[in-house]
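Novice: The following file, input15.txt, comprises compact mmCIF, C-alpha atoms:
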# COMPACT_ATOMS: atom_id res chain seq x y z
CA MET A 1 0.00 0.00 0.00
CA THR A 2 1.44 3.37 -1.04
CA PRO A 3 0.11 6.51 0.67
CA ALA A 4 -1.62 8.92 -1.66
CA PRO A 5 0.19 12.23 -2.16
CA GLY A 6 -2.98 14.27 -1.74
CA PRO A 7 -5.22 14.94 1.30
CA ALA A 8 -5.86 12.08 3.70
CA SER A 9 -8.96 9.93 3.25
CA ALA A 10 -10.27 6.97 5.24
CA ASP A 11 -9.97 3.62 3.46
CA ARG A 12 -12.32 0.63 3.63
CA TYR A 13 -10.89 -0.32 7.02
CA GLY A 14 -11.64 3.10 8.51
CA VAL A 15 -7.94 3.98 8.59
CA ALA A 16 -6.52 7.22 7.23
CA VAL A 17 -2.97 7.87 6.05
CA SER A 18 -1.56 11.39 5.79
CA ARG A 19 1.75 12.72 4.48
CA ALA A 20 4.15 14.29 6.97
CA HIS A 21 7.58 14.95 5.52
CA ASP A 22 9.39 15.59 8.82
CA TYR A 23 8.90 16.10 12.57
CA GLU A 24 8.73 19.88 12.45
CA PRO A 25 5.69 21.06 14.45
CA ALA A 26 4.02 22.68 11.44
CA SER A 27 4.29 19.46 9.42
CA VAL A 28 2.98 17.29 12.24
CA LYS A 29 0.14 19.70 13.01
CA ARG A 30 -0.94 19.79 9.36
CA SER A 31 -0.92 16.00 9.11
CA LEU A 32 -2.94 15.61 12.31
CA ARG A 33 -5.56 18.01 11.03
CA ASP A 34 -5.77 16.08 7.74
CA LEU A 35 -6.25 12.80 9.59
CA ALA A 36 -8.90 14.25 11.89
CA ALA A 37 -10.85 15.63 8.94
CA ALA A 38 -10.65 12.34 7.03
CA LEU A 39 -11.86 10.33 10.04
CA ARG A 40 -14.44 12.94 11.10
CA TRP A 41 -12.76 13.34 14.46
CA ASP A 42 -12.86 17.14 14.23
CA ASP A 43 -15.27 19.72 15.56
CA PRO A 44 -15.56 23.32 14.28
CA VAL A 45 -15.38 24.72 17.82
CA ARG A 46 -13.32 22.20 19.82
CA GLY A 47 -10.73 21.50 17.16
CA PRO A 48 -9.31 18.43 15.38
CA LEU A 49 -10.06 16.01 18.24
CA GLY A 50 -13.20 17.71 19.51
CA GLY A 51 -15.57 15.46 17.61
CA VAL A 52 -14.20 12.24 19.10
CA ILE A 53 -13.09 13.23 22.63
CA PRO A 54 -16.02 13.97 24.98
CA ALA A 55 -15.81 17.23 26.91
CA GLY A 56 -14.36 16.59 30.35
CA ALA A 57 -13.01 13.15 29.36
CA ARG A 58 -10.07 11.51 31.12
CA VAL A 59 -7.45 10.59 28.52
CA VAL A 60 -4.26 8.54 28.68
CA VAL A 61 -1.79 9.11 25.85
CA LYS A 62 0.29 5.97 25.30
CA PRO A 63 3.50 6.54 23.28
CA ASN A 64 6.23 4.01 22.50
CA TRP A 65 9.14 4.84 24.82
CA VAL A 66 10.70 1.38 24.68
CA MET A 67 14.36 2.41 25.18
CA HIS A 68 16.45 5.56 25.52
CA ARG A 69 18.90 4.60 22.77
CA ASN A 70 18.97 2.50 19.63
CA GLY A 71 20.87 -0.75 20.19
CA GLY A 72 22.19 -0.51 16.64
CA MET A 73 24.10 2.23 14.89
CA TRP A 74 21.07 4.46 14.33
CA GLY A 75 19.26 7.07 16.38
CA THR A 76 15.88 7.29 18.10
CA GLU A 77 13.82 8.69 15.22
CA CYS A 78 13.02 5.11 14.17
CA LEU A 79 12.94 3.76 17.75
CA ILE A 80 10.39 5.75 19.78
CA THR A 81 7.38 7.99 19.25
CA GLN A 82 8.84 11.38 18.49
CA PRO A 83 8.38 14.26 20.97
CA SER A 84 6.84 16.69 18.48
CA LEU A 85 3.96 14.27 17.83
CA ILE A 86 3.34 13.79 21.56
CA ARG A 87 3.37 17.53 22.16
CA GLU A 88 0.97 18.36 19.33
CA VAL A 89 -1.47 15.61 20.32
CA VAL A 90 -1.54 16.72 23.97
CA GLU A 91 -2.11 20.35 22.94
CA LEU A 92 -5.01 19.25 20.70
CA LEU A 93 -6.50 17.22 23.54
CA LEU A 94 -6.40 20.19 25.89
CA ALA A 95 -7.95 22.40 23.22
CA SER A 96 -10.78 19.87 22.83
CA GLY A 97 -11.87 20.39 26.46
CA VAL A 98 -10.64 17.22 28.20
CA GLY A 99 -10.87 16.99 31.98
CA ARG A 100 -7.50 15.27 32.47
CA VAL A 101 -4.69 13.96 30.28
CA GLU A 102 -1.52 12.11 31.19
CA VAL A 103 1.19 10.55 29.05
CA GLY A 104 2.51 7.17 30.17
CA ASP A 105 4.35 4.00 29.16
CA ALA A 106 6.25 1.07 30.68
CA PRO A 107 9.51 0.81 28.69
CA VAL A 108 11.85 -2.18 28.97
CA GLN A 109 13.40 -2.47 32.41
CA GLY A 110 16.81 -1.14 31.38
CA CYS A 111 15.47 2.05 29.81
CA GLU A 112 16.69 5.34 31.30
CA PHE A 113 13.36 7.14 31.47
CA SER A 114 14.93 10.54 32.11
CA GLU A 115 16.91 10.20 28.88
CA VAL A 116 13.79 9.35 26.86
CA VAL A 117 11.79 12.36 28.06
CA ARG A 118 14.78 14.70 27.75
CA GLY A 119 14.63 14.27 23.97
CA GLY A 120 13.04 17.18 22.15
CA ASP A 121 12.89 19.05 25.47
CA LEU A 122 9.83 16.92 26.27
CA ALA A 123 10.42 16.99 30.04
CA ALA A 124 10.85 20.78 30.11
CA TRP A 125 7.74 21.23 27.98
CA ALA A 126 5.72 18.93 30.24
CA LYS A 127 6.80 20.76 33.38
CA GLU A 128 5.85 24.14 31.91
CA LEU A 129 2.53 22.82 30.58
CA ALA A 130 1.56 21.24 33.92
CA ALA A 131 2.23 24.56 35.66
CA ARG A 132 0.13 26.40 33.07
CA ASP A 133 -2.78 23.95 32.76
CA GLY A 134 -3.84 21.83 35.73
CA ARG A 135 -5.60 19.32 33.48
CA PHE A 136 -2.23 18.03 32.27
CA ALA A 137 -0.98 15.36 34.69
CA GLY A 138 2.50 14.99 33.20
CA LEU A 139 4.74 12.18 31.92
CA HIS A 140 4.57 8.82 33.71
CA ASP A 141 6.79 5.76 33.90
CA TYR A 142 4.50 2.76 34.55
CA ARG A 143 7.31 0.29 35.39
CA ARG A 144 7.27 -1.25 38.86
CA THR A 145 10.64 -2.93 38.19
CA ARG A 146 13.67 -1.19 36.71
CA SER A 147 17.08 -2.67 36.07
CA ARG A 148 20.68 -2.10 35.11
CA LEU A 149 23.09 -4.47 33.39
CA THR A 150 26.13 -4.86 35.68
CA GLY A 151 28.92 -7.25 34.67
CA GLY A 152 26.62 -8.99 32.22
CA VAL A 153 24.02 -9.57 34.97
CA LEU A 154 20.66 -7.83 35.25
CA VAL A 155 20.36 -6.11 38.65
CA GLN A 156 16.76 -5.23 39.38
CA ALA A 157 15.10 -2.65 41.59
CA GLU A 158 11.55 -3.78 42.29
CA ASP A 159 8.39 -2.19 43.68
CA GLN A 160 9.24 1.25 42.30
CA ILE A 161 5.55 2.18 42.17
CA SER A 162 2.84 1.26 44.66
CA LEU A 163 0.61 -1.70 43.80
CA SER A 164 -2.36 0.57 44.53
CA ASP A 165 -1.61 2.34 41.23
CA PHE A 166 -2.32 -0.90 39.34
CA VAL A 167 -5.20 -3.31 38.86
CA LEU A 168 -4.75 -7.09 38.79
CA PHE A 169 -6.69 -9.03 36.15
CA ASP A 170 -7.00 -12.78 35.76
CA LEU A 171 -8.51 -13.83 32.44
CA GLY A 172 -8.37 -17.49 33.49
CA PRO A 173 -9.53 -19.94 30.82
CA ASP A 174 -10.67 -17.02 28.61
CA SER A 175 -7.05 -15.97 28.05
CA LEU A 176 -5.77 -16.58 24.56
CA LEU A 177 -2.73 -18.18 26.25
CA GLU A 178 -4.84 -20.97 27.75
CA PRO A 179 -4.61 -23.33 24.72
CA VAL A 180 -0.80 -23.33 24.93
CA SER A 181 -0.48 -23.44 28.73
CA SER A 182 1.32 -26.29 30.46
CA PRO A 183 1.51 -27.39 34.11
CA LYS A 184 5.30 -27.46 33.63
CA GLY A 185 5.41 -23.66 33.44
CA GLY A 186 6.94 -23.25 30.00
CA PHE A 187 6.34 -19.52 29.52
CA ARG A 188 9.40 -17.29 29.43
CA VAL A 189 10.48 -13.68 29.07
CA THR A 190 14.15 -12.90 28.50
CA GLN A 191 16.35 -12.31 31.57
CA TYR A 192 13.61 -12.93 34.11
CA ASP A 193 12.99 -15.46 36.88
CA PRO A 194 10.78 -18.23 35.39
CA ARG A 195 9.26 -18.91 38.83
CA LYS A 196 7.63 -15.49 38.80
CA MET A 197 6.24 -16.14 35.33
CA ALA A 198 4.86 -19.52 36.46
CA ALA A 199 3.08 -17.75 39.34
CA THR A 200 1.15 -15.47 36.97
CA HIS A 201 0.52 -17.78 33.99
CA GLY A 202 -0.47 -21.43 33.97
CA PRO A 203 -3.49 -23.60 33.15
CA GLY A 204 -6.62 -21.69 34.21
CA ARG A 205 -4.62 -18.70 35.51
CA HIS A 206 -3.52 -15.78 33.33
CA GLN A 207 -2.82 -12.58 35.21
CA TYR A 208 -1.90 -9.06 34.11
CA LEU A 209 -1.11 -5.95 36.15
CA VAL A 210 -2.47 -2.84 34.41
CA ALA A 211 -1.90 0.81 35.26
CA ARG A 212 -4.97 2.12 37.06
CA ALA A 213 -4.84 5.41 35.12
CA VAL A 214 -5.60 3.48 31.91
CA LEU A 215 -8.61 1.76 33.45
CA GLU A 216 -9.97 5.02 34.84
CA ALA A 217 -9.64 6.70 31.43
CA ASP A 218 -12.52 7.33 29.07
CA VAL A 219 -10.19 7.34 26.06
CA VAL A 220 -6.77 5.82 25.41
CA LEU A 221 -4.99 7.71 22.65
CA ASN A 222 -2.42 5.25 21.36
CA LEU A 223 0.70 6.79 19.77
CA PRO A 224 2.83 3.83 18.60
CA LYS A 225 5.98 3.88 16.51
CA LEU A 226 5.62 1.64 13.46
CA LYS A 227 8.51 -0.86 13.47
CA THR A 228 9.37 -4.42 12.67
CA HIS A 229 9.52 -6.72 15.70
CA ARG A 230 11.67 -9.83 16.07
CA LYS A 231 8.99 -11.78 17.95
CA ALA A 232 5.67 -10.26 16.88
CA GLY A 233 6.48 -9.39 13.24
CA LEU A 234 5.54 -5.77 13.74
CA THR A 235 4.93 -3.43 16.63
CA ASN A 236 2.33 -0.75 16.21
CA ALA A 237 -1.18 -0.22 17.60
CA LEU A 238 -1.75 -3.66 19.14
CA LYS A 239 1.75 -4.36 20.46
CA ASN A 240 2.11 -0.84 21.90
CA LEU A 241 -0.59 -1.50 24.50
CA VAL A 242 1.69 -4.04 26.20
CA GLY A 243 3.23 -0.94 27.80
CA VAL A 244 0.24 -0.49 30.14
CA ASN A 245 1.42 -3.50 32.19
CA GLY A 246 3.61 -2.74 35.21
CA ASN A 247 5.65 -5.92 35.82
CA LYS A 248 7.48 -8.06 33.29
CA GLU A 249 6.60 -11.40 34.93
CA PHE A 250 3.03 -10.91 33.68
CA LEU A 251 4.16 -10.86 30.02
CA PRO A 252 4.90 -14.25 28.40
CA HIS A 253 6.94 -13.68 25.24
CA HIS A 254 7.70 -17.28 24.23
CA ARG A 255 7.64 -20.90 25.44
CA VAL A 256 10.78 -22.76 26.33
CA GLY A 257 12.07 -25.35 23.85
CA GLY A 258 12.07 -25.77 20.09
CA SER A 259 9.00 -26.38 17.95
CA ALA A 260 9.84 -30.10 17.73
CA ALA A 261 9.34 -30.38 21.50
CA GLY A 262 6.18 -28.25 21.71
CA GLY A 263 7.91 -24.94 22.45
CA ASP A 264 8.16 -21.89 20.23
CA CYS A 265 11.57 -20.52 21.22
CA TYR A 266 13.20 -21.64 17.96
CA PRO A 267 12.40 -23.95 15.02
CA GLY A 268 13.01 -27.68 15.25
CA SER A 269 15.39 -28.96 17.91
CA SER A 270 18.93 -28.20 19.06
CA LEU A 271 20.95 -29.71 21.91
CA VAL A 272 23.11 -26.57 22.00
CA LYS A 273 20.03 -24.38 22.41
CA VAL A 274 18.61 -26.65 25.09
CA LEU A 275 21.86 -26.14 27.01
CA HIS A 276 21.68 -22.39 26.37
CA GLU A 277 18.11 -22.23 27.70
CA ARG A 278 19.00 -24.23 30.82
CA LEU A 279 21.93 -21.97 31.58
CA LEU A 280 19.72 -18.92 31.16
CA ASP A 281 17.15 -20.39 33.53
CA ALA A 282 19.86 -21.22 36.06
CA GLN A 283 21.21 -17.67 35.84
CA ASN A 284 17.75 -16.13 36.26
CA LEU A 285 16.94 -18.47 39.18
CA ALA A 286 20.19 -17.81 41.07
CA ARG A 287 19.79 -15.58 44.13
CA SER A 288 23.51 -14.81 44.44
CA HIS A 289 24.83 -12.01 42.26
CA ALA A 290 28.21 -13.79 42.09
CA ILE A 291 26.63 -17.01 40.78
CA ARG A 292 24.56 -15.10 38.24
CA ARG A 293 27.67 -13.29 37.04
CA ALA A 294 29.59 -16.59 36.76
CA LEU A 295 26.77 -18.23 34.79
CA GLY A 296 26.67 -15.18 32.54
CA ILE A 297 30.05 -16.16 31.06
CA PRO A 298 28.91 -19.40 29.32
CA VAL A 299 25.59 -17.73 28.41
CA ARG A 300 27.45 -14.96 26.57
CA LEU A 301 29.81 -17.49 24.95
CA LEU A 302 26.88 -19.52 23.61
CA SER A 303 25.21 -16.34 22.32
CA ALA A 304 28.43 -15.31 20.58
CA ALA A 305 28.88 -18.78 19.12
CA GLY A 306 25.37 -18.66 17.71
CA ARG A 307 26.01 -15.31 16.06
CA ALA A 308 29.31 -16.60 14.63
CA LEU A 309 27.39 -19.49 13.06
CA VAL A 310 24.96 -17.00 11.50
CA ASP A 311 22.18 -18.04 13.85
CA SER A 312 20.23 -14.83 14.30
CA LEU A 313 17.30 -16.56 16.04
CA GLY A 314 18.93 -17.26 19.40
CA VAL A 315 16.79 -18.53 22.28
CA GLU A 316 14.36 -15.67 22.83
CA GLY A 317 11.49 -16.70 20.56
CA ALA A 318 12.64 -14.26 17.88
CA TRP A 319 11.25 -15.98 14.79
CA SER A 320 8.08 -16.26 12.72
CA GLY A 321 6.93 -19.39 14.57
CA ASN A 322 6.48 -17.55 17.88
CA ASP A 323 2.95 -18.55 18.91
CA THR A 324 2.94 -16.89 22.35
CA VAL A 325 3.59 -13.16 22.05
CA TRP A 326 0.52 -12.40 19.92
CA ARG A 327 -1.71 -14.08 22.50
CA MET A 328 -0.31 -11.97 25.33
CA CYS A 329 -0.66 -8.78 23.24
CA LEU A 330 -4.30 -9.46 22.40
CA ASP A 331 -5.11 -10.34 26.03
CA LEU A 332 -3.90 -6.87 27.06
CA ASN A 333 -5.83 -5.20 24.25
CA ARG A 334 -8.97 -6.93 25.47
CA ILE A 335 -8.34 -5.71 29.03
CA VAL A 336 -7.85 -2.13 27.85
CA LEU A 337 -11.13 -2.33 25.94
CA TYR A 338 -13.33 -4.25 28.41
CA GLY A 339 -11.56 -4.04 31.77
CA ARG A 340 -13.10 -2.28 34.77
CA PRO A 341 -11.10 -0.51 37.50
CA ASP A 342 -12.12 -3.27 39.95
CA GLY A 343 -10.28 -5.95 37.94
CA THR A 344 -13.35 -7.51 36.30
CA MET A 345 -14.21 -7.69 32.60
CA ALA A 346 -17.43 -6.16 31.29
CA ASP A 347 -19.49 -7.47 28.38
CA ARG A 348 -19.42 -4.03 26.76
CA VAL A 349 -16.48 -1.90 25.70
CA GLN A 350 -15.51 0.41 28.59
CA ARG A 351 -13.39 2.99 26.80
CA ARG A 352 -12.43 4.07 23.33
CA ILE A 353 -8.99 3.42 21.84
CA LEU A 354 -7.86 5.88 19.18
CA THR A 355 -4.59 5.32 17.35
CA ILE A 356 -2.27 7.80 15.65
CA SER A 357 0.80 5.91 14.47
CA ASP A 358 4.19 7.53 13.95
CA ALA A 359 5.48 6.26 10.61
CA ILE A 360 7.19 9.46 9.48
CA VAL A 361 10.39 7.52 10.11
CA ALA A 362 9.40 3.90 10.69
CA GLY A 363 11.76 1.15 11.83
CA GLN A 364 12.89 -1.82 9.75
CA GLY A 365 15.41 -4.62 10.24
CA ASP A 366 16.20 -5.80 13.77
CA GLY A 367 13.31 -4.17 15.63
CA PRO A 368 12.12 -3.28 18.15
CA LEU A 369 15.38 -2.32 19.92
CA MET A 370 17.84 -2.04 17.02
CA PRO A 371 15.74 -0.77 14.11
CA GLU A 372 17.11 0.89 11.00
CA PRO A 373 15.36 4.04 9.72
CA PHE A 374 12.66 3.45 7.11
CA PRO A 375 11.41 6.89 5.98
CA LEU A 376 7.74 6.36 5.12
CA GLY A 377 6.78 10.01 5.60
CA VAL A 378 3.28 9.35 6.96
CA LEU A 379 1.06 9.32 10.01
CA LEU A 380 -1.78 6.81 10.03
CA ALA A 381 -4.82 6.81 12.28
CA GLY A 382 -8.01 4.95 13.09
CA ASP A 383 -10.29 3.91 15.94
CA ASN A 384 -9.72 0.15 15.61
CA PRO A 385 -6.20 -1.04 16.53
CA ALA A 386 -6.56 -4.24 14.51
CA ALA A 387 -7.50 -2.32 11.37
CA VAL A 388 -4.66 0.17 11.89
CA ASP A 389 -2.19 -2.71 12.16
CA LEU A 390 -3.56 -4.37 9.04
CA VAL A 391 -2.81 -1.20 7.08
CA ALA A 392 0.53 -0.78 8.88
CA ALA A 393 1.58 -4.28 7.85
CA GLU A 394 0.89 -3.41 4.23
CA LEU A 395 2.92 -0.21 4.59
CA LEU A 396 5.88 -2.32 5.72
CA GLY A 397 5.43 -4.63 2.75
CA PHE A 398 4.08 -7.54 4.80
CA GLN A 399 1.16 -9.79 3.93
CA PRO A 400 -1.10 -9.15 6.96
CA GLU A 401 -2.46 -12.69 6.99
CA ARG A 402 1.08 -13.99 7.58
CA VAL A 403 1.56 -11.88 10.73
CA PRO A 404 -0.15 -13.78 13.60
CA LEU A 405 -0.69 -10.66 15.73
CA VAL A 406 -2.62 -9.01 12.89
CA ARG A 407 -4.37 -12.12 11.57
CA GLU A 408 -5.55 -13.38 14.95
CA SER A 409 -6.81 -9.96 16.08
CA PHE A 410 -9.77 -10.53 13.75
CA GLY A 411 -10.53 -13.94 15.31
CA ARG A 412 -13.63 -14.99 17.19
CA PHE A 413 -13.18 -15.07 20.95
CA ARG A 414 -14.71 -13.56 24.05
CA TRP A 415 -14.16 -9.79 24.37
CA PRO A 416 -13.24 -9.31 20.69
Take the structure in this file and express it as structure tokens.

Specialist:
Amino acid sequence: MTPAPGPASADRYGVAVSRAHDYEPASVKRSLRDLAAALRWDDPVRGPLGGVIPAGARVVVKPNWVMHRNGGMWGTECLITQPSLIREVVELLLASGVGRVEVGDAPVQGCEFSEVVRGGDLAAWAKELAARDGRFAGLHDYRRTRSRLTGGVLVQAEDQISLSDFVLFDLGPDSLLEPVSSPKGGFRVTQYDPRKMAATHGPGRHQYLVARAVLEADVVLNLPKLKTHRKAGLTNALKNLVGVNGNKEFLPHHRVGGSAAGGDCYPGSSLVKVLHERLLDAQNLARSHAIRRALGIPVRLLSAAGRALVDSLGVEGAWSGNDTVWRMCLDLNRIVLYGRPDGTMADRVQRRILTISDAIVAGQGDGPLMPEPFPLGVLLAGDNPAAVDLVAAELLGFQPERVPLVRESFGRFRWP
């Protein structure tokens, strides 16, 4: 799909694509107005978002702030939602007459949040805006656990935010993870204690810990960065909502073992990878920092050996056969749509999700943490995350039906 050079118009999926040649405020503002007009989100009095945001509404803006620096040789333009887009969207929300708006995300544990919000003078802008307009509640880091890599070992600082700021959900047998659950506790997330994962996800038990601000919002305005993703195929509207969850042990990303043994960590089978996985588990289970550091040596050697043998898949579920991550993503999307602040699920949608995706400079290659710039020069928007991702997949040159996260989002299940 190639964006039209003229004014934006909504396609058959209810998604609009608008040209934006750069991140200069005037360019972003013009593109946002085009999108709002195409989607009929605008109001002659309350501005470009006035027709879709109720007066007095509580709004959470959810950017992609995954990491403070690109793990590759490139910058952050293709890594995170750019500051100028966040600023313009917040200003439009305030102009529309909202009652409260905050901006929040849960980046990866090793992200330096202060570095992310320093970009584009975002922190200084937010401080000034909060002083000027009491409806703006600032920039929020939703992570309860943060970490630093010390001597090849992840050192974690837990309970950084009170549990009272989060709501615990258990989707139980209605979770999309239930069909692939095992009593053996096979779910994994890289560099994390598998015992904690087993406590939150197993047969009949599938828990998530969601920021209370999201569940008390009337509207979630999703501002993803369009990128490729090693495990999910792409990260955009659907994947971005994973960042409303506060603790990593609630987020299964793959299942231990190769596909030949019923896992989805890598294709087929490999004795070397089985050893690699067991060493990783031992390292993550060790309570002693010294033992974890010692185990980190063979772990790094096995990782290096794999790269030397041109094995880019590793043991993190980073391949097209990953059958876990899409299920976790869609569970969280269902909670954002149907979840109540008391931790129960309603039969009716509880809040609206609007998406404006940053694809002015998208990310290709080894996303989401080491993407290469892919200048698409567009913003795309819609009020159905699944439809936005279908169009986004086409923009990246993918066949949407071959991306499980996109394909399965149109499936039939409870809380669709």

Novice: Counting all atoms listed in the file, figure out which residue out of A:Leu92, A:Ala393, A:Ala261, A:Ala20 gets nearest to Val61 in chain A.

Specialist: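 Checking each candidate against Val61 in chain A, we get A:Leu92 as the closest.
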
Novice: Scan for residues within 10 Å of the point (9.8, -25.8, 18.8) in the coordinates of the file, using only C-alpha atoms, and reply as JSON, numbers by chain.

Specialist: {"A": [255, 256, 257, 258, 259, 260, 261, 262, 263, 264, 265, 266, 267, 268, 269, 270, 317, 321, 322, 323]}

Novice: Could you give me, as number ranges by chain, the residues that have an atom at most 12 Å away from the point (5.6, 13.8, 19.0) in the coordinates of the file, using only C-alpha atoms?

Specialist: A: 22-29, 32, 61-65, 77, 80-91, 103, 117, 119-122, 125, 222-225, 356-361, 379

Novice: Could you tell me how far CA of Leu241 in chain A sits from CA of Gly14 in chain A, in Å to one decimal place?

Specialist: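 CA of Gly14 in chain A sits 20.0 Å away from CA of Leu241 in chain A.
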
Novice: Using only C-alpha atoms, which residues of range 211-277 of chain A come within 8 Å of range 339-343 of chain A, and what is the closest atom pair for each, with the distance in Å to one decimal? Give it as JSON lines, sorted by chain and residue number.

Specialist:
{"residue": "A:Arg212", "atom": "CA", "partner": "A:Pro341", "partner_atom": "CA", "distance": 6.7}
{"residue": "A:Leu215", "atom": "CA", "partner": "A:Pro341", "partner_atom": "CA", "distance": 5.3}
{"residue": "A:Glu216", "atom": "CA", "partner": "A:Pro341", "partner_atom": "CA", "distance": 6.2}

Novice: Would you pick out the contacts of range 398-403 of chain A at 12 Å or less, using all atoms listed in the file, so that residues sharing its chain but fewer than 2 positions from it are not included, and give the list as a PyMOL selection string?

Specialist: chain A and resi 1+227-235+319-323+325-326+364+386-396+405-411

Novice: Compile the contact shell of Asp165 in chain A as a list in words: residues with an atom at most 8 Å away, counting all atoms listed in the file, same-chain residues fewer than 4 positions apart removed.

Specialist: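 Close residues of Asp165 in chain A: Ile161, Ala211, Arg212 and Ala213 of chain A.
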
Novice: Which of these residues is nearest to Gly97 in chain A, using all atoms listed in the file: A:Val299, A:Leu226, A:Ala57, A:Ala346?

Specialist: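 Of all the options, A:Ala57 lies closest to Gly97 in chain A.
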
Novice: Do a neighbour search on Gly75 in chain A at 9 Å with only C-alpha atoms, toss out local chain neighbours closer than 3 positions, and write the hits as a short mmCIF file (atom, residue, chain, number, x, y, z; two decimals) with C-alpha atoms, keeping the file's coordinate frame.

Specialist:
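Contents of result.cif, freshly written:
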data_model
loop_
_atom_site.label_atom_id
_atom_site.label_comp_id
_atom_site.auth_asym_id
_atom_site.auth_seq_id
_atom_site.Cartn_x
_atom_site.Cartn_y
_atom_site.Cartn_z
CA ARG A 69 18.90 4.60 22.77
CA ASN A 70 18.97 2.50 19.63
CA GLY A 71 20.87 -0.75 20.19
CA GLY A 72 22.19 -0.51 16.64
CA CYS A 78 13.02 5.11 14.17
CA LEU A 79 12.94 3.76 17.75
CA PRO A 371 15.74 -0.77 14.11
CA GLU A 372 17.11 0.89 11.00
CA PRO A 373 15.36 4.04 9.72
#

Novice: Using all atoms listed in the file for the distances, tell me which of A:Cys111, A:His21, A:Ser9, A:Leu376 is nearest to Ala36 in chain A.

Specialist: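 For Ala36 in chain A, the nearest of the candidates is A:Ser9.
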
Novice: Using all atoms listed in the file, which of the listed residues (A:Leu176, A:Arg351, A:Gly382, A:Val108) sits closest to Arg148 in chain A?

Specialist: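 Between A:Leu176, A:Arg351, A:Gly382, A:Val108, the residue approaching Arg148 in chain A most closely is A:Val108.
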
Novice: Can you work out the spacing between CA of Gly186 in chain A and CA of Asp105 in chain A in Å, to one decimal?

Specialist: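 According to the coordinates, CA of Gly186 in chain A and CA of Asp105 in chain A are separated by 27.4 Å.
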
Novice: Please, what distance in Å, to one decimal, runs between CA of Ala123 in chain A and CA of Gly104 in chain A?

Specialist: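 Taking CA of Ala123 in chain A as the start and CA of Gly104 in chain A as the end point, the length is 12.6 Å.
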
Novice: With distances taken over all atoms listed in the file, which of A:Val167, A:Pro368, A:Met73, A:Glu102 is nearest to Val219 in chain A?

Specialist: A:Glu102

Novice: Looking at A:Cys329, A:Leu35, A:Leu221, A:Ala131, which one is nearest to Leu93 in chain A, with distances taken over all atoms listed in the file?

Specialist: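 Closest residue, counting all atoms listed in the file: A:Leu221.
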
Novice: Padding 4 Å on each side, edges along x, y and z: where is the centre of the box around the listed atoms of range 403-407 of chain A, and how long are its edges in Å to one decimal? Output it as lines of an AutoDock Vina configuration file.

Specialist:
center_x = -1.4
center_y = -11.4
center_z = 13.2
size_x = 13.9
size_y = 12.8
size_z = 13.0
